[in-house]
>>> print(open('structure-v9.pdb').read())   # PDB, C-alpha atoms
ATOM      1  CA  MET A  17       0.000   0.000   0.000
ATOM      2  CA  ARG A  18       1.275   3.424  -0.998
ATOM      3  CA  ILE A  19       1.276   6.208   1.490
ATOM      4  CA  THR A  20       0.357   9.629   0.199
ATOM      5  CA  PRO A  21       0.979  12.975   1.901
ATOM      6  CA  LEU A  22      -2.752  13.161   2.532
ATOM      7  CA  ASP A  23      -2.589   9.793   4.360
ATOM      8  CA  ILE A  24       0.144  11.177   6.546
ATOM      9  CA  GLN A  25      -1.814  14.356   7.249
ATOM     10  CA  GLN A  26      -5.014  12.539   8.097
ATOM     11  CA  LYS A  27      -3.397   9.783  10.152
ATOM     12  CA  GLN A  28      -4.842   9.756  13.632
ATOM     13  CA  PHE A  29      -3.005   8.186  16.483
ATOM     14  CA  PRO A  30      -4.925   7.129  19.582
ATOM     15  CA  VAL A  31      -4.040   9.179  22.555
ATOM     16  CA  ARG A  32      -2.749   7.415  25.620
ATOM     17  CA  PHE A  33      -1.728   8.566  28.838
ATOM     18  CA  ARG A  34       1.705   9.876  28.890
ATOM     19  CA  GLY A  35       1.987   9.577  25.134
ATOM     20  CA  PHE A  36       3.791  11.858  22.686
ATOM     21  CA  ASP A  37       3.280  15.563  22.488
ATOM     22  CA  MET A  38       0.576  15.863  19.916
ATOM     23  CA  GLU A  39       1.789  19.124  18.507
ATOM     24  CA  GLU A  40       5.258  17.743  17.958
ATOM     25  CA  VAL A  41       3.850  14.648  16.327
ATOM     26  CA  LEU A  42       1.613  16.747  14.108
ATOM     27  CA  ALA A  43       4.452  19.115  13.279
ATOM     28  CA  PHE A  44       6.690  16.139  12.457
ATOM     29  CA  LEU A  45       3.931  14.558  10.360
ATOM     30  CA  GLU A  46       3.529  17.877   8.523
ATOM     31  CA  VAL A  47       7.273  17.965   7.765
ATOM     32  CA  ILE A  48       7.120  14.368   6.584
ATOM     33  CA  ARG A  49       4.060  15.179   4.438
ATOM     34  CA  GLU A  50       5.794  18.154   2.858
ATOM     35  CA  GLU A  51       8.940  16.132   2.253
ATOM     36  CA  MET A  52       6.881  13.355   0.774
ATOM     37  CA  GLU A  53       5.063  15.808  -1.503
ATOM     38  CA  ASP A  54       8.415  17.179  -2.647
ATOM     39  CA  LEU A  55       9.711  13.655  -3.230
ATOM     40  CA  LEU A  56       6.576  12.678  -5.133
ATOM     41  CA  ARG A  57       6.782  15.846  -7.271
ATOM     42  CA  GLU A  58      10.460  15.210  -7.886
ATOM     43  CA  ASN A  59       9.710  11.567  -8.677
ATOM     44  CA  ALA A  60       6.932  12.577 -11.101
ATOM     45  CA  SER A  61       9.237  15.161 -12.672
ATOM     46  CA  LEU A  62      12.007  12.573 -13.011
ATOM     47  CA  LYS A  63       9.563  10.063 -14.477
ATOM     48  CA  GLU A  64       8.422  12.710 -16.986
ATOM     49  CA  GLN A  65      12.058  13.515 -17.835
ATOM     50  CA  LEU A  66      12.779   9.807 -18.170
ATOM     51  CA  HIS A  67       9.772   9.366 -20.422
ATOM     52  CA  ARG A  68      10.904  12.308 -22.608
ATOM     53  CA  ALA A  69      14.476  11.022 -22.625
ATOM     54  CA  GLU A  70      13.279   7.558 -23.647
ATOM     55  CA  ALA A  71      11.069   9.064 -26.356
ATOM     56  CA  GLN A  72      13.982  11.181 -27.577
ATOM     57  CA  LEU A  73      16.275   8.153 -27.406
ATOM     58  CA  GLU A  74      13.790   6.167 -29.477
ATOM     59  CA  GLU A  75      13.593   9.048 -31.938
ATOM     60  CA  TYR A  76      17.403   9.123 -32.144
ATOM     61  CA  ARG A  77      17.464   5.364 -32.682
ATOM     62  CA  GLU A  78      14.941   5.713 -35.496
ATOM     63  CA  MET A  79      17.001   8.546 -36.980
ATOM     64  CA  GLU A  80      20.131   6.419 -36.652
ATOM     65  CA  GLN A  81      18.391   3.534 -38.392
ATOM     66  CA  THR A  82      17.138   5.866 -41.134
ATOM     67  CA  LEU A  83      20.634   7.313 -41.553
ATOM     68  CA  ARG A  84      22.131   3.832 -41.756
ATOM     69  CA  GLU A  85      19.587   2.793 -44.363
ATOM     70  CA  THR A  86      20.193   6.028 -46.275
ATOM     71  CA  LEU A  87      23.940   5.479 -46.090
ATOM     72  CA  MET A  88      23.571   1.895 -47.289
ATOM     73  CA  THR A  89      21.312   3.056 -50.136
ATOM     74  CA  ALA A  90      23.796   5.791 -51.055
ATOM     75  CA  GLN A  91      26.657   3.281 -51.038
ATOM     76  CA  GLN A  92      24.655   0.916 -53.231
ATOM     77  CA  MET A  93      23.841   3.778 -55.606
ATOM     78  CA  VAL A  94      27.508   4.801 -55.715
ATOM     79  CA  GLU A  95      28.481   1.211 -56.534
ATOM     80  CA  GLU A  96      25.777   1.045 -59.207
ATOM     81  CA  TYR A  97      26.966   4.357 -60.683
ATOM     82  CA  LYS A  98      30.556   3.107 -60.636
ATOM     83  CA  ASN A  99      29.551  -0.142 -62.331
ATOM     84  CA  ASN A 100      27.415   1.691 -64.887
ATOM     85  CA  ALA A 101      30.207   4.197 -65.550
ATOM     86  CA  ARG A 102      32.717   1.364 -65.897
ATOM     87  CA  LYS A 103      30.423  -0.513 -68.296
ATOM     88  CA  GLU A 104      29.749   2.652 -70.282
ATOM     89  CA  ALA A 105      33.478   3.416 -70.447
ATOM     90  CA  GLU A 106      34.181  -0.132 -71.618
ATOM     91  CA  LEU A 107      31.437   0.208 -74.229
ATOM     92  CA  ILE A 108      32.824   3.547 -75.440
ATOM     93  CA  ILE A 109      36.329   2.083 -75.609
ATOM     94  CA  ARG A 110      35.076  -0.949 -77.522
ATOM     95  CA  GLU A 111      33.150   1.249 -79.964
ATOM     96  CA  ALA A 112      36.246   3.423 -80.427
ATOM     97  CA  GLU A 113      38.371   0.331 -81.040
ATOM     98  CA  LEU A 114      35.866  -0.957 -83.599
ATOM     99  CA  LYS A 115      35.778   2.420 -85.332
ATOM    100  CA  ALA A 116      39.575   2.568 -85.302
ATOM    101  CA  GLU A 117      39.781  -0.928 -86.758
ATOM    102  CA  ALA A 118      37.254   0.013 -89.445
ATOM    103  CA  MET A 119      39.174   3.206 -90.231
ATOM    104  CA  ILE A 120      42.454   1.280 -90.449
ATOM    105  CA  LYS A 121      40.863  -1.340 -92.685
ATOM    106  CA  ASP A 122      39.343   1.377 -94.861
ATOM    107  CA  ALA A 123      42.711   3.160 -95.057
ATOM    108  CA  GLN A 124      44.443  -0.095 -95.975
ATOM    109  CA  GLN A 125      41.886  -0.728 -98.705
ATOM    110  CA  LYS A 126      42.408   2.806-100.000
ATOM    111  CA  VAL A 127      46.177   2.256-100.013
ATOM    112  CA  ILE A 128      45.684  -0.968-101.963
ATOM    113  CA  LYS A 129      43.332   0.808-104.387
ATOM    114  CA  ILE A 130      45.783   3.703-104.818
ATOM    115  CA  HIS A 131      48.595   1.233-105.427
ATOM    116  CA  GLU A 132      46.480  -0.579-108.019
ATOM    117  CA  ASP A 133      45.610   2.774-109.625
ATOM    118  CA  ILE A 134      49.308   3.691-109.741
ATOM    119  CA  VAL A 135      50.127   0.367-111.394
ATOM    120  CA  ASP A 136      47.282   0.896-113.887
ATOM    121  CA  LEU A 137      48.407   4.467-114.600
ATOM    122  CA  LYS A 138      51.993   3.301-115.137
ATOM    123  CA  GLY A 139      50.700   0.740-117.615
ATOM    124  CA  ILE A 140      48.623   3.379-119.398
ATOM    125  CA  ARG A 141      51.626   5.727-119.427
ATOM    126  CA  ARG A 142      53.878   3.019-120.848
ATOM    127  CA  HIS A 143      51.243   2.174-123.500
ATOM    128  CA  PHE A 144      50.774   5.874-124.330
ATOM    129  CA  LYS A 145      54.540   6.334-124.679
ATOM    130  CA  GLU A 146      54.710   3.350-127.017
ATOM    131  CA  GLU A 147      51.834   4.702-129.098
ATOM    132  CA  ILE A 148      53.453   8.140-129.342
ATOM    133  CA  ARG A 149      56.801   6.546-130.218
ATOM    134  CA  ARG A 150      55.138   4.500-132.983
ATOM    135  CA  LEU A 151      53.285   7.559-134.231
ATOM    136  CA  ILE A 152      56.485   9.627-134.270
ATOM    137  CA  GLU A 153      58.384   6.828-135.997
ATOM    138  CA  SER A 154      55.595   6.486-138.513
ATOM    139  CA  HIS A 155      55.665  10.211-139.242
ATOM    140  CA  LEU A 156      59.437  10.169-139.475
ATOM    141  CA  ARG A 157      59.225   7.357-142.014
ATOM    142  CA  MET A 158      56.632   9.329-143.976
ATOM    143  CA  LEU A 159      58.875  12.397-143.862
ATOM    144  CA  GLU A 160      61.857  10.366-145.001
ATOM    145  CA  PHE A 161      59.744   8.826-147.746
ATOM    146  CA  ASP A 162      58.570  12.278-148.759
ATOM    147  CA  GLU A 163      62.133  13.623-148.794
ATOM    148  CA  ASP A 164      63.304  10.626-150.808
ATOM    149  CA  ARG A 165      60.525  11.155-153.298
ATOM    150  CA  GLU A 166      61.289  14.826-153.630
ATOM    151  CA  GLN A 167      64.930  14.016-154.098
ATOM    152  CA  ASP A 168      64.031  11.587-156.828
ATOM    153  CA  MET A 169      61.776  14.146-158.427
ATOM    154  CA  ARG A 170      64.499  16.769-158.400
ATOM    155  CA  GLU A 171      66.891  14.529-160.066
ATOM    156  CA  GLU A 172      64.387  13.753-162.784
ATOM    157  CA  MET A 173      63.085  17.276-163.348
ATOM    158  CA  PRO A 174      64.759  20.078-165.204
ATOM    159  CA  VAL A 175      65.881  23.133-163.270
ATOM    160  CA  LYS A 176      62.768  25.170-163.808
ATOM    161  CA  GLU A 177      60.556  22.429-162.699
ATOM    162  CA  THR A 178      62.908  21.925-159.770
ATOM    163  CA  GLU A 179      62.361  25.458-158.639
ATOM    164  CA  GLU A 180      58.630  24.983-158.939
ATOM    165  CA  ALA A 181      58.781  21.718-156.989
ATOM    166  CA  GLU A 182      60.870  23.371-154.279
ATOM    167  CA  ARG A 183      58.343  26.140-153.962
ATOM    168  CA  VAL A 184      55.488  23.580-153.684
ATOM    169  CA  PHE A 185      57.547  21.581-151.231
ATOM    170  CA  SER A 186      58.300  24.637-149.042
ATOM    171  CA  ASP A 187      54.622  25.616-149.151
ATOM    172  CA  ARG A 188      53.706  22.157-148.064
ATOM    173  CA  GLU A 189      56.245  22.268-145.217
ATOM    174  CA  SER A 190      54.961  25.606-143.978
ATOM    175  CA  GLU A 191      51.383  24.272-144.108
ATOM    176  CA  GLU A 192      52.404  21.185-142.124
ATOM    177  CA  GLY A 193      54.237  23.385-139.597
ATOM    178  CA  GLN A 194      51.142  25.508-139.113
ATOM    179  CA  GLU A 195      48.963  22.433-138.674
ATOM    180  CA  GLY A 196      51.454  21.103-136.079
ATOM    181  CA  GLU A 197      51.279  24.400-134.180
ATOM    182  CA  VAL A 198      47.488  24.294-134.208
ATOM    183  CA  GLN A 199      47.487  20.713-132.919
ATOM    184  CA  ASP A 200      49.997  21.567-130.142
ATOM    185  CA  THR A 201      47.728  24.270-128.794
TER     186      THR A 201
END
>>> encode(input="structure-v9.pdb", output="structure tokens")
Amino acid sequence: MRITPLDIQQKQFPVRFRGFDMEEVLAFLEVIREEMEDLLRENASLKEQLHRAEAQLEEYREMEQTLRETLMTAQQMVEEYKNNARKEAELIIREAELKAEAMIKDAQQKVIKIHEDIVDLKGIRRHFKEEIRRLIESHLRMLEFDEDREQDMREEMPVKETEEAERVFSDRESEEGQEGEVQDT
């Protein structure tokens, strides 16, 4: 059974002969009652403080748990970002390597094509030189033939006719020279 300050104040003691001084007993009971009230108030205050401290402690525990979960989530996200960045970097590198390989292959094919073109052009040049040489030789033979014929004609013709033939021949040469100049341009 709990004793309250009111119980102490209302407690009645039977009076006996030669008992305690009632006023002293009552005064002492009053002091005890006041002390008990103070103790009960202090106890209630401490209980309230304890309750608040426990509530705050629980709140801090919840915050700690939330922070831990947040930290774990952040760490997982960082790892995911790292992995994604690593994968993306590997993908970019692979794409760059493939492009580089394709560019090298394309360049090699162009080199081969250029080499083939050079060989073809050399062949065309050689053929063209041979054709020009044949054409020049053919013209030289025609000129020699022409000169031989004129020589033969001079020997057969009298002097007057020779002069006439020379004039025709020089006219012909100047005409051929002019045609050659026209063709060169």
>>> residues_around(input="structure-v9.pdb", residues="A:Glu53", least_positions_apart="6", cutoff="10 Å", atoms="only C-alpha atoms", output="number ranges by chain")
A: 20-22, 47, 59
>>> axis_aligned_box(input="structure-v9.pdb", around="stretch 60-77 of chain A", padding_each_side="5 Å", output="AutoDock Vina command-line options")
--center_x 12.2 --center_y 10.3 --center_z -21.9 --size_x 20.5 --size_y 19.8 --size_z 31.6
>>> atom_distance(input="structure-v9.pdb", atom1="atom CA of A:Asp164", atom2="atom CA of A:Glu189")
14.7 Å
>>> closest_residue(input="structure-v9.pdb", among="A:Glu46, A:Glu80, A:Glu172, A:Asp187", to="A:Asp23", atoms="all atoms listed in the file")
A:Glu46
